[in-house]
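Next comes protein.txt, with compact mmCIF, C-alpha atoms.
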```
# COMPACT_ATOMS: atom_id res chain seq x y z
CA MET A 1 3.36 24.94 8.05
CA VAL A 2 2.14 24.32 4.50
CA GLY A 3 5.22 26.06 3.12
CA GLU A 4 7.51 23.91 5.24
CA GLN A 5 5.77 20.77 3.99
CA ARG A 6 6.31 21.88 0.40
CA ASP A 7 10.01 22.43 1.14
CA VAL A 8 10.28 18.88 2.49
CA GLU A 9 8.40 17.36 -0.42
CA LYS A 10 10.64 19.18 -2.91
CA HIS A 11 13.82 17.66 -1.49
CA GLU A 12 12.70 14.31 -0.12
CA PHE A 13 13.22 11.40 -2.49
CA VAL A 14 10.34 8.93 -2.17
CA PRO A 15 10.68 5.78 -4.32
CA GLU A 16 7.61 4.56 -6.18
CA ASP A 17 8.33 1.06 -4.91
CA TYR A 18 10.47 0.30 -1.87
CA PHE A 19 10.90 -3.32 -2.97
CA ARG A 20 12.54 -2.73 -6.35
CA PRO A 21 15.78 -0.92 -7.24
CA VAL A 22 15.16 2.62 -8.37
CA GLU A 23 16.46 3.98 -11.67
CA LYS A 24 19.33 6.45 -11.54
CA GLU A 25 17.33 8.92 -13.62
CA SER A 26 14.63 9.02 -10.95
CA LEU A 27 17.07 10.43 -8.39
CA PHE A 28 18.17 13.45 -10.42
CA PRO A 29 17.59 14.43 -14.04
CA GLY A 30 20.54 14.48 -16.40
CA ASP A 31 23.85 12.67 -16.11
CA ARG A 32 25.80 14.75 -13.61
CA PRO A 33 27.90 12.98 -10.96
CA ILE A 34 25.91 11.98 -7.87
CA GLU A 35 27.47 11.70 -4.41
CA LEU A 36 25.91 9.71 -1.56
CA ASP A 37 26.14 10.72 2.12
CA VAL A 38 25.31 7.64 4.21
CA GLY A 39 23.73 8.79 7.47
CA CYS A 40 23.64 12.50 6.66
CA GLY A 41 22.43 13.57 10.13
CA ASP A 42 21.60 17.27 10.29
CA GLY A 43 22.93 17.78 6.76
CA ARG A 44 25.79 20.12 7.52
CA PHE A 45 28.26 18.19 5.36
CA LEU A 46 25.73 17.38 2.64
CA LEU A 47 24.57 20.97 2.19
CA ALA A 48 28.07 22.44 2.30
CA MET A 49 29.24 20.02 -0.38
CA ALA A 50 26.21 20.76 -2.56
CA LYS A 51 26.83 24.49 -2.26
CA GLU A 52 30.52 24.09 -3.11
CA HIS A 53 29.78 21.82 -6.10
CA PRO A 54 26.69 23.08 -7.96
CA ASP A 55 27.76 20.93 -10.91
CA ARG A 56 27.16 17.72 -8.92
CA ASP A 57 24.09 16.19 -7.27
CA PHE A 58 23.94 14.96 -3.68
CA LEU A 59 21.73 12.35 -2.05
CA GLY A 60 21.60 12.00 1.72
CA LEU A 61 20.53 8.80 3.46
CA GLU A 62 18.90 9.38 6.84
CA ARG A 63 16.76 7.06 8.94
CA LEU A 64 15.22 9.63 11.31
CA LEU A 65 12.19 11.61 10.15
CA GLY A 66 13.00 14.80 12.07
CA ARG A 67 16.52 14.98 10.69
CA MET A 68 15.34 14.31 7.15
CA ARG A 69 12.81 17.14 7.36
CA LYS A 70 15.40 19.51 8.79
CA VAL A 71 17.83 18.83 5.95
CA CYS A 72 15.12 19.33 3.33
CA ARG A 73 14.02 22.64 4.86
CA ARG A 74 17.60 23.88 5.02
CA ALA A 75 18.23 22.82 1.42
CA GLU A 76 15.24 24.85 0.27
CA LYS A 77 16.20 27.84 2.41
CA GLN A 78 19.65 27.82 0.79
CA SER A 79 18.13 27.35 -2.71
CA LEU A 80 20.08 24.15 -3.29
CA GLU A 81 18.47 22.39 -6.23
CA ASN A 82 21.07 19.60 -6.22
CA VAL A 83 20.12 18.01 -2.87
CA LYS A 84 17.66 15.23 -2.02
CA VAL A 85 17.24 13.04 1.05
CA LEU A 86 16.03 9.45 1.23
CA ARG A 87 14.61 8.41 4.61
CA LEU A 88 15.51 4.75 4.91
CA GLU A 89 17.76 2.34 6.78
CA SER A 90 21.19 2.55 5.16
CA SER A 91 22.01 -1.14 4.76
CA TYR A 92 18.75 -1.90 2.97
CA ALA A 93 19.11 1.10 0.69
CA LEU A 94 22.66 0.13 -0.27
CA GLU A 95 21.90 -3.55 -0.78
CA CYS A 96 18.50 -3.46 -2.42
CA LEU A 97 17.08 -0.06 -3.36
CA LEU A 98 19.68 2.34 -4.71
CA PRO A 99 20.68 1.94 -8.36
CA ALA A 100 23.87 0.04 -9.13
CA ALA A 101 26.93 1.97 -10.32
CA ALA A 102 25.08 5.26 -9.85
CA PHE A 103 27.36 7.22 -7.52
CA SER A 104 30.72 8.87 -8.07
CA ARG A 105 31.54 9.16 -4.37
CA LEU A 106 30.18 7.58 -1.20
CA HIS A 107 30.74 9.23 2.19
CA VAL A 108 30.51 7.41 5.53
CA LEU A 109 31.26 10.00 8.19
CA PHE A 110 31.32 9.39 11.94
CA PRO A 111 28.96 6.39 12.02
CA GLU A 112 28.03 4.76 15.31
CA PRO A 113 31.24 2.86 16.31
CA TRP A 114 29.55 0.10 18.34
CA PRO A 115 32.73 -0.32 20.42
CA LYS A 116 31.78 -3.55 22.21
CA LYS A 117 32.96 -6.61 20.30
CA ARG A 118 29.58 -8.33 20.52
CA HIS A 119 28.06 -5.36 18.68
CA HIS A 120 30.60 -5.13 15.84
CA GLN A 121 28.20 -6.80 13.44
CA ARG A 122 26.03 -3.68 13.69
CA ARG A 123 28.72 -1.42 12.23
CA ILE A 124 27.97 -0.02 8.80
CA VAL A 125 31.64 -0.32 7.72
CA GLN A 126 32.26 -4.04 8.02
CA THR A 127 33.08 -6.92 5.69
CA ALA A 128 29.46 -7.97 5.11
CA ASN A 129 28.46 -4.51 3.82
CA LEU A 130 31.42 -3.78 1.56
CA PRO A 131 29.93 -5.47 -1.54
CA PHE A 132 26.92 -3.15 -1.19
CA PHE A 133 29.15 -0.06 -1.10
CA ALA A 134 30.90 -1.35 -4.21
CA ARG A 135 27.53 -2.12 -5.85
CA VAL A 136 26.32 1.48 -5.83
CA LEU A 137 29.63 3.05 -6.88
CA GLY A 138 30.40 3.61 -10.52
CA ALA A 139 33.71 2.73 -12.14
CA GLN A 140 36.54 4.45 -10.25
CA GLY A 141 34.01 5.64 -7.67
CA GLU A 142 35.44 6.75 -4.33
CA PHE A 143 34.57 5.60 -0.80
CA LEU A 144 35.53 8.07 1.95
CA PHE A 145 35.40 7.06 5.62
CA LYS A 146 35.94 9.25 8.70
CA THR A 147 35.61 8.51 12.41
CA ASP A 148 36.89 9.70 15.76
CA HIS A 149 37.09 6.07 16.98
CA GLU A 150 40.53 4.65 16.19
CA PRO A 151 39.73 0.92 16.67
CA TYR A 152 36.73 1.26 14.35
CA HIS A 153 38.87 3.01 11.76
CA ASP A 154 41.56 0.34 12.00
CA ASP A 155 39.05 -2.51 11.71
CA GLY A 156 37.16 -0.87 8.87
CA ARG A 157 40.28 0.03 6.94
CA ALA A 158 41.63 -3.50 7.26
CA ALA A 159 38.34 -5.00 6.07
CA ILE A 160 38.21 -2.66 3.07
CA ARG A 161 41.79 -3.50 2.09
CA GLU A 162 41.19 -7.23 2.45
CA SER A 163 37.93 -7.21 0.47
CA GLY A 164 39.66 -6.88 -2.89
CA LEU A 165 36.93 -4.45 -3.93
CA PHE A 166 38.81 -1.21 -3.34
CA GLU A 167 42.28 0.27 -3.63
CA GLU A 168 43.49 2.83 -1.11
CA LEU A 169 44.16 6.42 -2.17
CA PRO A 170 46.03 9.22 -0.39
CA TRP A 171 44.02 11.75 1.57
CA GLU A 172 46.23 14.61 2.60
CA ASP A 173 45.11 17.94 4.02
CA ASP A 174 43.75 20.38 1.43
CA MET A 175 43.82 17.85 -1.42
CA PHE A 176 40.24 18.88 -2.20
CA PHE A 177 37.37 20.69 -0.53
CA TYR A 178 35.79 18.52 2.14
CA SER A 179 33.36 20.05 4.59
CA ARG A 180 33.29 19.04 8.26
CA THR A 181 30.31 17.42 9.91
CA ASP A 182 28.84 18.62 13.19
CA PHE A 183 30.41 15.59 14.92
CA GLU A 184 33.81 16.45 13.52
CA GLU A 185 33.60 20.03 14.76
CA HIS A 186 32.55 18.74 18.19
CA TRP A 187 35.41 16.27 18.51
CA LEU A 188 38.02 18.67 17.13
CA GLY A 189 36.82 21.23 19.64
CA GLN A 190 37.64 18.72 22.35
CA GLY A 191 41.08 18.08 20.90
CA LYS A 192 40.31 14.55 19.70
CA PRO A 193 42.12 13.17 16.63
CA ILE A 194 40.14 12.32 13.51
CA TYR A 195 40.90 9.21 11.45
CA ARG A 196 40.17 9.07 7.74
CA SER A 197 40.64 6.75 4.79
CA ARG A 198 39.92 7.12 1.09
CA PHE A 199 39.43 4.28 -1.36
CA ARG A 200 38.55 3.79 -5.03
CA ARG A 201 36.39 1.00 -6.36
CA ILE A 202 38.33 -1.51 -8.40
CA SER A 203 36.53 -1.94 -11.73
```
Render the structure in this file as structure tokens.
Amino acid sequence: MVGEQRDVEKHEFVPEDYFRPVEKESLFPGDRPIELDVGCGDGRFLLAMAKEHPDRDFLGLERLLGRMRKVCRRAEKQSLENVKVLRLESSYALECLLPAAAFSRLHVLFPEPWPKKRHHQRRIVQTANLPFFARVLGAQGEFLFKTDHEPYHDDGRAAIRESGLFEELPWEDDMFFYSRTDFEEHWLGQGKPIYRSRFRRIS
């Protein structure tokens, strides 16, 4: 139990002050590119990307304690020194806590679609949150969005295009390594289509 706690502490990022933006250098030492996985879940995508790209650092955002601990334990078991997890609500972290212009890529993968119209304001990919995505991305930073919910993808893509903050990029099969999440594997196994969009922050 003590060993497991040490594994979690090694990979959990705990800010000194939750009411002030953190410094980029406090996330990871050095100046390597940092990628942000918003809502990293069980960490399948995050850990696979970190393993594939040992020259980059990866921060996962996860609200649930159990999931955060699981990702940290798995990161230690796989000897991944380039992974940390911040347990915090995503919108607050993006708007207020994470350092500006710190991330080279931002991944939003299979977020809760909130399909009922009266709940659309709860979606993470919506007009009100787009300035916060842009805030944390560095110059030419990329924003990658995947979902199995076509209306959510259409709405989110339209909002991103209309924001004036991002330009759309192609995302063809095998353009670059991109691990699948557990949700993606589940939906593909059921024969469901996956919708994806890729954008770059306009400097």
Enumerate, in order of chain and increasing residue number, the residues of segment 50-128 of chain A with an atom no farther than 12 Å from segment 180-184 of chain A, each with its shortest atom pair and distance in Å to one decimal, counting only C-alpha atoms, as a tab-separated table.
```
residue	atom	partner	partner_atom	distance
A:His107	CA	A:Thr181	CA	11.3
A:Val108	CA	A:Thr181	CA	10.9
A:Leu109	CA	A:Thr181	CA	7.7
A:Phe110	CA	A:Phe183	CA	6.9
A:Pro111	CA	A:Phe183	CA	9.8
A:Glu112	CA	A:Phe183	CA	11.1
```
Based on the selection just made, write C-alpha atoms of those residues as a short mmCIF file (atom, residue, chain, number, x, y, z; two decimals), in the coordinates of the input.
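Writing done, so here's selection.cif:
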```
data_model
loop_
_atom_site.label_atom_id
_atom_site.label_comp_id
_atom_site.auth_asym_id
_atom_site.auth_seq_id
_atom_site.Cartn_x
_atom_site.Cartn_y
_atom_site.Cartn_z
CA HIS A 107 30.74 9.23 2.19
CA VAL A 108 30.51 7.41 5.53
CA LEU A 109 31.26 10.00 8.19
CA PHE A 110 31.32 9.39 11.94
CA PRO A 111 28.96 6.39 12.02
CA GLU A 112 28.03 4.76 15.31
#
```
Please measure the separation of atom CA of Arg87 of chain A and atom CA of Glu12 of chain A, giving the value in Å to one decimal.
->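 Interatomic distance, atom CA of Arg87 of chain A to atom CA of Glu12 of chain A: 7.8 Å.
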Nearby residues (only C-alpha atoms) at most 12 Å from Ser163 of chain A, same-chain spacing under 2 positions excluded, as a list of chain:residue names = A:Val125, A:Gln126, A:Thr127, A:Ala128, A:Asn129, A:Leu130, A:Pro131, A:Phe132, A:Phe133, A:Ala134, A:Gly156, A:Arg157, A:Ala158, A:Ala159, A:Ile160, A:Arg161, A:Leu165, A:Phe166, A:Glu167, A:Glu168, A:Phe199, A:Arg201, A:Ile202
Within 12 Å of Pro193 of chain A, counting only C-alpha atoms, which residues qualify if same-chain residues fewer than 6 places away don't, as a PyMOL selection string?
-> chain A and resi 146-150+153+184-187
With C-alpha atoms retained, could you export that selection as a PDB file, in the frame of the given file?
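Below is the file part_3.pdb, written as the result:
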```pdb
ATOM      1  CA  LYS A 146      35.940   9.250   8.700  1.00  0.00           C
ATOM      2  CA  THR A 147      35.610   8.510  12.410  1.00  0.00           C
ATOM      3  CA  ASP A 148      36.890   9.700  15.760  1.00  0.00           C
ATOM      4  CA  HIS A 149      37.090   6.070  16.980  1.00  0.00           C
ATOM      5  CA  GLU A 150      40.530   4.650  16.190  1.00  0.00           C
ATOM      6  CA  HIS A 153      38.870   3.010  11.760  1.00  0.00           C
ATOM      7  CA  GLU A 184      33.810  16.450  13.520  1.00  0.00           C
ATOM      8  CA  GLU A 185      33.600  20.030  14.760  1.00  0.00           C
ATOM      9  CA  HIS A 186      32.550  18.740  18.190  1.00  0.00           C
ATOM     10  CA  TRP A 187      35.410  16.270  18.510  1.00  0.00           C
TER      11      TRP A 187
END
```
Interatomic distance, atom CA of His53 of chain A to atom CA of Arg105 of chain A (Å, one decimal) =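 Separation between atom CA of His53 of chain A and atom CA of Arg105 of chain A: 12.9 Å.
Between atom CA of Glu16 of chain A and atom CA of Leu47 of chain A there is a distance of 25.0 Å.
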